[in-house]
Amino acid sequence: IVGGLENNCHGKNSLIAGGQSNYDGKGSKGVSIVGGTDNEASGSFTHISGGASNEAEADYSSLFGGTKNKARGPSSSLFGGVGNKATGVMSSIFGGQKNSAKGELSSALGGRKTSAKKDLSVAIGK
């Protein structure tokens, strides 16, 4: 742990740099959280940069900013927005609100309540 307030780091080879009330899951490894508030990285080799109340739950997932976003698919990526969920393997979401990427290699691009449900699908915001 490097700086910040009330951060908890339990994982092997993990780093929390700054922010407040950020934590990694017990049993995780190779986690990094840089800044933000109330973020949780529970998958191994996950990363969170800033934001608030975000969760990187699956291994190799990454999350960059936003609020209440969840990266639950292995190797998923989420970039900002509010209340988005990337659950597909290697899925991605780029901003927006309450968007989802459920299919493998799927992407949701902005908008509100946009969903990429099938494998290899792309959903563009409404």
# chains A, B, ... in the order shown; residues from 1 in each chain; ligands from 1
>>> residues_around(residues="stretch 75-90 of chain A", least_positions_apart="6", cutoff="6 Å", atoms="only C-alpha atoms", output="list in words")
Tyr60, Ser61, Ser62, Leu63, Phe64, Gly65, Gly66, Thr67, Lys68, Asn69, Gly96, Gln97, Lys98, Asn99, Ser100, Ala101, Lys102, Gly103, Glu104 and Leu105 of chain A
>>> write_last_selection(atoms="N, CA, C and O atoms", output="mmCIF file, in the first residue's frame")
data_model
loop_
_atom_site.group_PDB
_atom_site.id
_atom_site.type_symbol
_atom_site.label_atom_id
_atom_site.label_comp_id
_atom_site.auth_asym_id
_atom_site.auth_seq_id
_atom_site.Cartn_x
_atom_site.Cartn_y
_atom_site.Cartn_z
ATOM 1 N N TYR A 60 -7.714 -11.210 -14.844
ATOM 2 C CA TYR A 60 -7.215 -10.415 -15.971
ATOM 3 C C TYR A 60 -8.177 -9.317 -16.422
ATOM 4 O O TYR A 60 -8.089 -8.823 -17.536
ATOM 5 N N SER A 61 -9.114 -8.922 -15.584
ATOM 6 C CA SER A 61 -10.030 -7.843 -15.946
ATOM 7 C C SER A 61 -9.433 -6.490 -15.575
ATOM 8 O O SER A 61 -8.574 -6.386 -14.703
ATOM 9 N N SER A 62 -9.906 -5.440 -16.256
ATOM 10 C CA SER A 62 -9.418 -4.088 -15.967
ATOM 11 C C SER A 62 -10.571 -3.102 -16.040
ATOM 12 O O SER A 62 -11.495 -3.257 -16.829
ATOM 13 N N LEU A 63 -10.471 -2.080 -15.204
ATOM 14 C CA LEU A 63 -11.530 -1.104 -15.094
ATOM 15 C C LEU A 63 -10.906 0.276 -14.922
ATOM 16 O O LEU A 63 -10.031 0.448 -14.080
ATOM 17 N N PHE A 64 -11.356 1.220 -15.720
ATOM 18 C CA PHE A 64 -10.767 2.557 -15.701
ATOM 19 C C PHE A 64 -11.846 3.595 -15.413
ATOM 20 O O PHE A 64 -12.612 3.973 -16.300
ATOM 21 N N GLY A 65 -11.925 4.047 -14.170
ATOM 22 C CA GLY A 65 -12.828 5.117 -13.775
ATOM 23 C C GLY A 65 -14.300 4.751 -13.781
ATOM 24 O O GLY A 65 -14.686 3.600 -13.921
ATOM 25 N N GLY A 66 -15.117 5.774 -13.605
ATOM 26 C CA GLY A 66 -16.559 5.577 -13.547
ATOM 27 C C GLY A 66 -17.025 5.228 -12.151
ATOM 28 O O GLY A 66 -16.258 5.260 -11.189
ATOM 29 N N THR A 67 -18.302 4.864 -12.055
ATOM 30 C CA THR A 67 -18.924 4.569 -10.773
ATOM 31 C C THR A 67 -19.822 3.341 -10.878
ATOM 32 O O THR A 67 -20.591 3.216 -11.831
ATOM 33 N N LYS A 68 -19.716 2.457 -9.910
ATOM 34 C CA LYS A 68 -20.545 1.253 -9.806
ATOM 35 C C LYS A 68 -20.496 0.382 -11.059
ATOM 36 O O LYS A 68 -21.497 -0.196 -11.472
ATOM 37 N N ASN A 69 -19.333 0.277 -11.660
ATOM 38 C CA ASN A 69 -19.134 -0.599 -12.810
ATOM 39 C C ASN A 69 -18.590 -1.940 -12.342
ATOM 40 O O ASN A 69 -17.904 -2.019 -11.335
ATOM 41 N N GLY A 96 -21.037 5.294 -20.882
ATOM 42 C CA GLY A 96 -22.483 5.167 -20.872
ATOM 43 C C GLY A 96 -23.014 4.786 -19.513
ATOM 44 O O GLY A 96 -22.301 4.814 -18.510
ATOM 45 N N GLN A 97 -24.305 4.397 -19.505
ATOM 46 C CA GLN A 97 -24.968 4.080 -18.242
ATOM 47 C C GLN A 97 -25.775 2.792 -18.379
ATOM 48 O O GLN A 97 -26.543 2.614 -19.333
ATOM 49 N N LYS A 98 -25.583 1.888 -17.429
ATOM 50 C CA LYS A 98 -26.302 0.613 -17.355
ATOM 51 C C LYS A 98 -26.190 -0.206 -18.644
ATOM 52 O O LYS A 98 -27.152 -0.845 -19.074
ATOM 53 N N ASN A 99 -25.016 -0.201 -19.254
ATOM 54 C CA ASN A 99 -24.764 -0.999 -20.451
ATOM 55 C C ASN A 99 -24.219 -2.356 -20.047
ATOM 56 O O ASN A 99 -23.663 -2.521 -18.960
ATOM 57 N N SER A 100 -24.348 -3.343 -20.943
ATOM 58 C CA SER A 100 -23.805 -4.661 -20.658
ATOM 59 C C SER A 100 -23.158 -5.258 -21.902
ATOM 60 O O SER A 100 -23.584 -5.002 -23.025
ATOM 61 N N ALA A 101 -22.109 -6.030 -21.667
ATOM 62 C CA ALA A 101 -21.441 -6.800 -22.717
ATOM 63 C C ALA A 101 -21.394 -8.229 -22.206
ATOM 64 O O ALA A 101 -20.589 -8.571 -21.351
ATOM 65 N N LYS A 102 -22.311 -9.073 -22.723
ATOM 66 C CA LYS A 102 -22.485 -10.428 -22.207
ATOM 67 C C LYS A 102 -21.819 -11.488 -23.073
ATOM 68 O O LYS A 102 -21.438 -12.538 -22.588
ATOM 69 N N GLY A 103 -21.730 -11.251 -24.360
ATOM 70 C CA GLY A 103 -21.163 -12.248 -25.256
ATOM 71 C C GLY A 103 -19.642 -12.252 -25.235
ATOM 72 O O GLY A 103 -19.006 -11.258 -24.877
ATOM 73 N N GLU A 104 -19.063 -13.375 -25.632
ATOM 74 C CA GLU A 104 -17.615 -13.462 -25.735
ATOM 75 C C GLU A 104 -17.139 -12.506 -26.821
ATOM 76 O O GLU A 104 -17.723 -12.431 -27.907
ATOM 77 N N LEU A 105 -16.093 -11.729 -26.519
ATOM 78 C CA LEU A 105 -15.529 -10.725 -27.427
ATOM 79 C C LEU A 105 -16.554 -9.688 -27.874
ATOM 80 O O LEU A 105 -16.490 -9.158 -28.974
#
>>> residues_around(residues="A:Lys126", least_positions_apart="5", cutoff="10 Å", atoms="only C-alpha atoms", output="list of chain:residue names")
A:Gly96, A:Leu109, A:Gly110, A:Gly111, A:Arg112, A:Lys113, A:Thr114
>>> residues_around(residues="stretch 24-37 of chain A", least_positions_apart="4", cutoff="10 Å", atoms="only C-alpha atoms", output="ChimeraX atom specification")
/A:1-20,41-57,59-67
